[in-house]
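Reviewing the structure listed below.
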Amino acid sequence: MDYRSYLSDESKNRQPSPIRALAPFVARKGMISLGAGNPNPDTFPYESMQLTLKTGQVIQVDAEHFKKCLSYDLTSGFSPLNQWLKGLQQVEHKPKVEFGLTIGVGSQDLITKALQMFINPGTPILVENPTYTGVLSFLKSQPCQLVGVSTDASGLMPDELQRILQEWPIHEKPRPRILYVIPSGQNPSGVSASFERKQEIYSICQKYGILILEDDPYYYLQFRKDRIPSYLSIDVDGRVLRFDSLSKILSSGLRIGFATGPQVLIDQINIHSQSTNLQPSGISQLAAYELLEKWGYDGFDAHVRKVSSFYEDKAKAFIELLERHMKGYAEWDIPDSGMFVWMKLLGGITDSKEVIMTKATARNVVAVPGEAFLPNGGMTPYVRLSFSNVSYEEADEALRRLAIVIQEEAALNGVTIENH
Ligand SMILES: Cc1ncc(COP(=O)(O)O)c(C=O)c1O
């Protein structure tokens, strides 16, 4: 694929840092470096690092690795971790195309750099409607045009994608060439795209020459034994740039995410990092690596299955509480992964913002008004509820309070809610 034709002028103008570009040579065995002005690690006060797990297991961090990670390192991340993650992608997604991998400061760091790599003034970017507010906030600061594609209980709708692309050009603008999707446990909708949907969407992207940015931090939080295969695993052309995150499965404070895809695009992200944050934190990477390396791929799998079953139990309990408190007051799809329920308020409510921001908060309940997730703003009766961090009792009480708020609002709208 001609990746250069997708790059923005800004991205094409990026030059590798002359000093960072030397780093791979410095990493070679036997090399004597009079290059970068790295601080001498002998002056650092830290001596060693030990991790204690909740199981009681203690991991004494390898002394050489520790010394290395105290210093500046490669932009693409600590090599042993980068290699381990590459191996994970092989085991989990079995990509059919060659790929590179880079580690970032959370996946957010890499997603925003990747998007920026493709945006010139007016560039159309296809996104799900609704979509993740963190990426929307970034995109809204960019000179691009957001093109929302409708979703339903099975994620992004292929027919809608096809219709939008077929009906292009709008005002003679170039057709979109970038699609940003969250295929598993979508934020905010909580639902996942089926394998069949992914195949359909992939072939539409093939037809129209579209690159897929697959943002998949909830991939390992699918409530099923056999995870739905990723776009990366379907890819035969090198048109998928995938983003994973350790935030939802190891720790969000580690700030570690990784991008997997065509080496040319990975290099371009690295060149961006070379002039911004330089690299992810060495200490964070080491805390992740030492554990992952001890676990191996089977241990990692066992861990993520425990995490997903934790959230599955939470989701089940939450849905039961929704049935109890919200029947007639709201509608929702059952989440199949992740941490969210996307709920439509009934009772004649057309805009959730005022109801949630003023009336729900007055009753001490916080939820996110749906407007935050709409690519082009506007009114919506939807609200995102997160069940990840509340106890059963808290969820019970929060939904009870929310039901009162909706009931009062419905009464103001002259709507009587029946069957409750
Ligand atoms: C869909 C989605 N993408 C990306 C991120 C960012 O995750 P990270 O912590 O890896 O930066 C989040 C975090 O909530 C998210 O929901």
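In the structure tokens, chains take letters A, B, ... by order of appearance, with residues numbered from 1 within each chain and ligands from 1 in the order shown.
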
Output the neighbourhood of ligand 1 as a short mmCIF file (atom, residue, chain, number, x, y, z; two decimals) with N, CA and C atoms, in the first residue's frame, that is, all protein and nucleic acid residues with some atom at most 6 Å from the ligand, counting only C-alpha atoms and all ligand atoms.
```cif
data_model
loop_
_atom_site.label_atom_id
_atom_site.label_comp_id
_atom_site.auth_asym_id
_atom_site.auth_seq_id
_atom_site.Cartn_x
_atom_site.Cartn_y
_atom_site.Cartn_z
N GLY A 106 0.34 5.08 27.34
CA GLY A 106 -1.08 4.75 27.20
C GLY A 106 -1.41 4.70 25.73
N SER A 107 -2.54 4.05 25.40
CA SER A 107 -2.89 3.97 23.98
C SER A 107 -3.33 5.35 23.47
N GLN A 108 -3.83 6.19 24.38
CA GLN A 108 -4.28 7.53 23.98
C GLN A 108 -3.16 8.30 23.26
N TYR A 132 -15.82 7.33 21.64
CA TYR A 132 -15.05 7.67 22.84
C TYR A 132 -14.73 9.17 22.92
N ILE A 182 -13.89 1.32 17.65
CA ILE A 182 -13.64 0.65 18.94
C ILE A 182 -14.48 -0.64 18.88
N ASN A 187 -16.82 2.09 23.79
CA ASN A 187 -17.02 3.20 24.70
C ASN A 187 -17.69 4.31 23.90
N ASP A 215 -9.06 0.70 17.75
CA ASP A 215 -8.76 1.06 19.15
C ASP A 215 -9.47 0.03 20.03
N PRO A 217 -9.04 -1.27 23.59
CA PRO A 217 -8.58 -1.47 24.97
C PRO A 217 -9.44 -2.45 25.75
N SER A 245 -4.03 -1.67 25.07
CA SER A 245 -3.73 -0.92 26.28
C SER A 245 -3.56 -1.88 27.45
N SER A 247 -4.04 -0.59 30.34
CA SER A 247 -4.78 0.17 31.37
C SER A 247 -5.91 -0.61 32.01
N SER A 252 -3.99 1.21 35.05
CA SER A 252 -4.10 2.40 34.18
C SER A 252 -3.00 3.41 34.50
N ARG A 255 0.41 3.68 32.50
CA ARG A 255 0.38 4.45 31.24
C ARG A 255 1.15 3.70 30.15
N GLY A 257 0.48 1.68 26.52
CA GLY A 257 -0.34 1.18 25.43
C GLY A 257 0.60 0.79 24.31
#
```

Excluding stretch 276-286 of chain A and residues on its chain fewer than 6 positions from it, collect all residues at most 6 Å away from it, counting only C-alpha atoms, and give them as a ChimeraX atom specification. /A:69,75,104-105,254

Write the residues you've just listed into a file as a compact mmCIF listing (two decimals), in the first residue's frame, and include N, CA and C atoms for each of them.
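Dumped everything to again-v2.txt:
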```
# COMPACT_ATOMS: atom_id res chain seq x y z
N CYS A 69 16.57 0.69 32.56
CA CYS A 69 15.30 1.42 32.51
C CYS A 69 15.33 2.73 33.30
N THR A 75 12.73 4.85 21.60
CA THR A 75 11.41 5.46 21.46
C THR A 75 10.32 4.39 21.39
N GLY A 104 3.63 3.17 23.79
CA GLY A 104 3.39 4.60 24.07
C GLY A 104 2.94 4.82 25.50
N VAL A 105 2.73 6.09 25.81
CA VAL A 105 2.28 6.49 27.15
C VAL A 105 0.76 6.31 27.20
N LEU A 254 0.08 2.74 35.00
CA LEU A 254 1.33 2.41 34.31
C LEU A 254 1.52 3.30 33.08
```

Need the shell around stretch 83-100 of chain A: protein/DNA/RNA residues with any atom at most 7 Å away, counting only C-alpha atoms. Skip same-chain ones fewer than 4 positions apart. Format as a list in words? Ser79, Ser230, Leu232, Ser233, Asp235, Val236, Gly238, Thr260, Gly261, Pro262, Gln263, Ile266 and Tyr297 of chain A

Expected file contents, prior selection, C-alpha atoms, as an mmCIF file, in the first residue's frame:
```
data_model
loop_
_atom_site.group_PDB
_atom_site.id
_atom_site.type_symbol
_atom_site.label_atom_id
_atom_site.label_comp_id
_atom_site.auth_asym_id
_atom_site.auth_seq_id
_atom_site.Cartn_x
_atom_site.Cartn_y
_atom_site.Cartn_z
ATOM 1 C CA SER A 79 13.245 -3.909 23.836
ATOM 2 C CA SER A 230 -9.700 -8.535 15.695
ATOM 3 C CA LEU A 232 -5.655 -7.069 12.804
ATOM 4 C CA SER A 233 -6.263 -10.799 12.457
ATOM 5 C CA ASP A 235 -6.083 -7.905 7.688
ATOM 6 C CA VAL A 236 -4.458 -9.122 4.475
ATOM 7 C CA GLY A 238 -1.658 -3.990 5.878
ATOM 8 C CA THR A 260 0.684 -2.696 16.038
ATOM 9 C CA GLY A 261 0.646 -2.344 12.278
ATOM 10 C CA PRO A 262 2.571 -1.497 9.122
ATOM 11 C CA GLN A 263 6.175 -0.635 10.034
ATOM 12 C CA ILE A 266 4.816 2.753 13.312
ATOM 13 C CA TYR A 297 1.426 -15.946 27.486
#
```

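Closest approach to A:Phe195 among A:Tyr231, A:Trp332, A:Phe387, A:Trp295: A:Tyr231, based on only C-alpha atoms.
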
A:Leu265 proximity check over A:Leu146, A:Leu241, A:Val405, A:Val341, using only C-alpha atoms: winner is A:Leu241

Quick check for you: according to DSSP on this backbone, which residues of stretch 195-370 of chain A are classed as helix (DSSP H, G or I)? Reply as a ChimeraX atom specification. /A:195-208,219-221,231-234,263-274,282-326,352-362,370

All residues 12 Å or closer to A:Asp42, only C-alpha atoms, same chain fewer than 2 positions away omitted, as a ChimeraX atom specification: /A:38-40,44-47,67-68,70-71

Limited to C-alpha atoms, could you put the picked residues into a file as a PDB file, in the first residue's frame?
```pdb
ATOM      1  CA  ASN A  38      22.787  10.756  28.720  1.00  0.00           C
ATOM      2  CA  PRO A  39      23.070  11.382  32.442  1.00  0.00           C
ATOM      3  CA  ASN A  40      25.379   8.887  34.129  1.00  0.00           C
ATOM      4  CA  PHE A  44      20.888   8.068  40.237  1.00  0.00           C
ATOM      5  CA  PRO A  45      19.909   7.291  43.832  1.00  0.00           C
ATOM      6  CA  TYR A  46      17.777   4.191  43.041  1.00  0.00           C
ATOM      7  CA  GLU A  47      19.397   0.839  43.791  1.00  0.00           C
ATOM      8  CA  LYS A  67      19.755  -0.001  35.520  1.00  0.00           C
ATOM      9  CA  LYS A  68      18.838   0.238  31.840  1.00  0.00           C
ATOM     10  CA  LEU A  70      16.484   4.231  34.784  1.00  0.00           C
ATOM     11  CA  SER A  71      18.054   5.831  31.719  1.00  0.00           C
TER      12      SER A  71
END
```

Do a neighbour search on stretch 376-383 of chain A at 7 Å with only C-alpha atoms, toss out local chain neighbours closer than 3 positions, and write the hits as number ranges by chain. A: 342-345, 349-352, 367-371

What's the separation between atom CA of A:Thr416 and atom CA of A:Ala398, in Å to one decimal place? 21.8 Å

My list of candidates is A:Met49, A:Met1, A:Leu22, A:Ile256. Which is closest to A:Asp62 when distances are computed with only C-alpha atoms? A:Met49

Residue set, stretch 88-268 of chain A restricted to strand (DSSP E or B), as a ChimeraX atom specification: /A:100-105,124-129,145-152,155-156,178-181,211-215,222,240-245,256-261

Write a file of the just-selected residues containing N, CA and C atoms, as a CSV table (one decimal), in the first residue's frame.
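That gives us part31.csv:
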```csv
chain,number,residue,atom,x,y,z
A,100,GLY,N,5.0,-4.0,12.7
A,100,GLY,CA,5.9,-3.4,13.7
A,100,GLY,C,5.1,-3.1,14.9
A,101,LEU,N,5.8,-2.8,16.0
A,101,LEU,CA,5.1,-2.5,17.2
A,101,LEU,C,5.8,-1.4,17.9
A,102,THR,N,5.1,-0.4,18.5
A,102,THR,CA,5.7,0.6,19.4
A,102,THR,C,4.9,0.7,20.6
A,103,ILE,N,5.6,1.1,21.7
A,103,ILE,CA,4.9,1.3,23.0
A,103,ILE,C,4.8,2.8,23.3
A,104,GLY,N,3.6,3.2,23.8
A,104,GLY,CA,3.4,4.6,24.1
A,104,GLY,C,2.9,4.8,25.5
A,105,VAL,N,2.7,6.1,25.8
A,105,VAL,CA,2.3,6.5,27.1
A,105,VAL,C,0.8,6.3,27.2
A,124,PRO,N,-11.5,14.3,6.0
A,124,PRO,CA,-12.7,13.6,6.6
A,124,PRO,C,-12.2,12.4,7.4
A,125,ILE,N,-12.7,12.2,8.6
A,125,ILE,CA,-12.3,11.0,9.4
A,125,ILE,C,-13.6,10.4,9.8
A,126,LEU,N,-13.7,9.1,9.5
A,126,LEU,CA,-14.9,8.3,9.8
A,126,LEU,C,-14.8,7.8,11.3
A,127,VAL,N,-15.9,8.1,12.0
A,127,VAL,CA,-15.9,7.6,13.4
A,127,VAL,C,-17.3,7.0,13.7
A,128,GLU,N,-17.3,6.1,14.7
A,128,GLU,CA,-18.6,5.6,15.1
A,128,GLU,C,-19.4,6.7,15.8
A,129,ASN,N,-20.7,6.7,15.7
A,129,ASN,CA,-21.6,7.6,16.3
A,129,ASN,C,-22.5,6.8,17.2
A,145,GLN,N,-12.7,17.0,9.4
A,145,GLN,CA,-14.1,16.9,9.3
A,145,GLN,C,-14.6,15.5,9.9
A,146,LEU,N,-15.4,15.6,10.9
A,146,LEU,CA,-15.8,14.3,11.5
A,146,LEU,C,-17.0,13.8,10.8
A,147,VAL,N,-17.0,12.5,10.4
A,147,VAL,CA,-18.1,11.9,9.7
A,147,VAL,C,-18.6,10.7,10.6
A,148,GLY,N,-19.7,10.9,11.2
A,148,GLY,CA,-20.2,9.9,12.1
A,148,GLY,C,-20.9,8.8,11.4
A,149,VAL,N,-20.6,7.5,11.7
A,149,VAL,CA,-21.3,6.4,11.1
A,149,VAL,C,-22.2,5.8,12.2
A,150,SER,N,-23.5,5.5,11.9
A,150,SER,CA,-24.4,5.0,12.9
A,150,SER,C,-24.0,3.7,13.4
A,151,THR,N,-24.4,3.4,14.7
A,151,THR,CA,-24.1,2.1,15.3
A,151,THR,C,-25.4,1.5,15.8
A,152,ASP,N,-25.4,0.2,16.0
A,152,ASP,CA,-26.6,-0.4,16.7
A,152,ASP,C,-26.0,-1.4,17.7
A,155,GLY,N,-22.6,-2.8,17.0
A,155,GLY,CA,-21.5,-1.9,16.6
A,155,GLY,C,-21.8,-1.1,15.4
A,156,LEU,N,-20.7,-0.7,14.7
A,156,LEU,CA,-20.8,0.1,13.5
A,156,LEU,C,-21.6,-0.6,12.4
A,178,ILE,N,-9.8,7.2,6.3
A,178,ILE,CA,-9.4,6.8,7.7
A,178,ILE,C,-10.7,6.5,8.5
A,179,LEU,N,-10.8,5.3,9.1
A,179,LEU,CA,-11.9,4.9,9.9
A,179,LEU,C,-11.4,4.6,11.3
A,180,TYR,N,-11.9,5.3,12.3
A,180,TYR,CA,-11.5,5.0,13.7
A,180,TYR,C,-12.6,4.2,14.4
A,181,VAL,N,-12.3,3.0,14.8
A,181,VAL,CA,-13.4,2.2,15.5
A,181,VAL,C,-12.9,1.6,16.8
A,211,LEU,N,-7.9,3.1,5.6
A,211,LEU,CA,-7.1,2.5,6.7
A,211,LEU,C,-8.0,2.4,7.9
A,212,ILE,N,-7.9,1.3,8.7
A,212,ILE,CA,-8.7,1.1,9.9
A,212,ILE,C,-7.8,1.3,11.1
A,213,LEU,N,-8.2,2.3,11.9
A,213,LEU,CA,-7.5,2.5,13.2
A,213,LEU,C,-8.4,1.7,14.3
A,214,GLU,N,-7.9,0.6,14.7
A,214,GLU,CA,-8.6,-0.3,15.6
A,214,GLU,C,-8.2,0.0,17.0
A,215,ASP,N,-9.1,0.7,17.8
A,215,ASP,CA,-8.8,1.1,19.2
A,215,ASP,C,-9.5,0.0,20.0
A,222,GLN,N,-13.9,-9.2,26.9
A,222,GLN,CA,-15.1,-9.7,26.3
A,222,GLN,C,-15.7,-10.8,27.2
A,240,VAL,N,-4.6,-2.1,8.6
A,240,VAL,CA,-5.0,-2.0,10.0
A,240,VAL,C,-3.9,-1.5,10.9
A,241,LEU,N,-4.2,-0.5,11.7
A,241,LEU,CA,-3.3,0.0,12.7
A,241,LEU,C,-4.0,-0.3,14.0
A,242,ARG,N,-3.5,-1.2,14.9
A,242,ARG,CA,-4.3,-1.6,16.0
A,242,ARG,C,-3.7,-1.0,17.3
A,243,PHE,N,-4.5,-0.6,18.3
A,243,PHE,CA,-4.1,-0.1,19.5
A,243,PHE,C,-4.6,-0.9,20.7
A,244,ASP,N,-3.6,-1.4,21.5
A,244,ASP,CA,-3.9,-2.1,22.7
A,244,ASP,C,-3.5,-1.3,23.9
A,245,SER,N,-4.0,-1.7,25.1
A,245,SER,CA,-3.7,-0.9,26.3
A,245,SER,C,-3.6,-1.9,27.5
A,256,ILE,N,0.7,2.5,29.8
A,256,ILE,CA,1.3,1.8,28.8
A,256,ILE,C,0.3,1.3,27.8
A,257,GLY,N,0.5,1.7,26.5
A,257,GLY,CA,-0.3,1.2,25.4
A,257,GLY,C,0.6,0.8,24.3
A,258,PHE,N,0.1,0.1,23.3
A,258,PHE,CA,1.0,-0.3,22.2
A,258,PHE,C,0.2,-0.3,20.9
A,259,ALA,N,0.9,0.1,19.8
A,259,ALA,CA,0.4,0.2,18.5
A,259,ALA,C,1.0,-0.9,17.7
A,260,THR,N,0.2,-1.6,16.9
A,260,THR,CA,0.7,-2.7,16.0
A,260,THR,C,0.2,-2.5,14.6
A,261,GLY,N,1.1,-2.5,13.7
A,261,GLY,CA,0.6,-2.3,12.3
A,261,GLY,C,1.8,-2.2,11.3
```

Between A:Glu172, A:Asn270, A:Lys29, A:Glu196, which has the minimum distance to A:Gln15 (counting only C-alpha atoms)?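 Closest residue, counting only C-alpha atoms: A:Asn270.
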
Give me the residues within 12 Å of A:Lys173 as an NGL selection string, counting only C-alpha atoms and dropping any in the same chain fewer than 3 places off. :A and (121-124 or 144-145 or 165 or 167-170 or 176-177)

Take the selection from the previous step and output its residues with C-alpha atoms, as a PDB file, in the first residue's frame.
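Heads up, here's the output in result_37.pdb:
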```pdb
ATOM      1  CA  PRO A 121      -7.152  20.821   6.851  1.00  0.00           C
ATOM      2  CA  GLY A 122     -10.553  19.386   5.931  1.00  0.00           C
ATOM      3  CA  THR A 123      -9.529  15.695   6.014  1.00  0.00           C
ATOM      4  CA  PRO A 124     -12.657  13.624   6.636  1.00  0.00           C
ATOM      5  CA  CYS A 144     -10.532  17.659  10.245  1.00  0.00           C
ATOM      6  CA  GLN A 145     -14.140  16.905   9.341  1.00  0.00           C
ATOM      7  CA  LEU A 165     -18.983   6.270   0.971  1.00  0.00           C
ATOM      8  CA  GLU A 167     -22.965   9.008  -1.669  1.00  0.00           C
ATOM      9  CA  TRP A 168     -19.657  10.835  -1.497  1.00  0.00           C
ATOM     10  CA  PRO A 169     -18.427  13.324  -2.775  1.00  0.00           C
ATOM     11  CA  ILE A 170     -20.062  15.923  -0.598  1.00  0.00           C
ATOM     12  CA  PRO A 176     -12.652   9.554   3.710  1.00  0.00           C
ATOM     13  CA  ARG A 177      -9.635   7.238   3.904  1.00  0.00           C
TER      14      ARG A 177
END
```

Polymer residues at most 7 Å from A:Val307, only C-alpha atoms, same-chain spacing of 3 or more positions, as a ChimeraX atom specification: /A:221,249,303-304,310-311

Those same residues, written as a compact mmCIF listing (two decimals), in the first residue's frame with C-alpha atoms?
```txt
# COMPACT_ATOMS: atom_id res chain seq x y z
CA LEU A 221 -12.75 -7.80 28.58
CA ILE A 249 -5.98 -5.29 32.51
CA HIS A 303 -5.15 -13.24 34.28
CA VAL A 304 -7.21 -11.45 31.61
CA PHE A 310 -14.97 -9.90 37.19
CA TYR A 311 -16.55 -7.35 34.84
```

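Between atom CA of A:Asn413 and atom CA of A:Gly347 the separation is 7.2 Å.
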
One decimal, Å: what's the distance from atom CA of A:Lys306 over to atom CA of A:Lys294, could you say? 17.3 Å
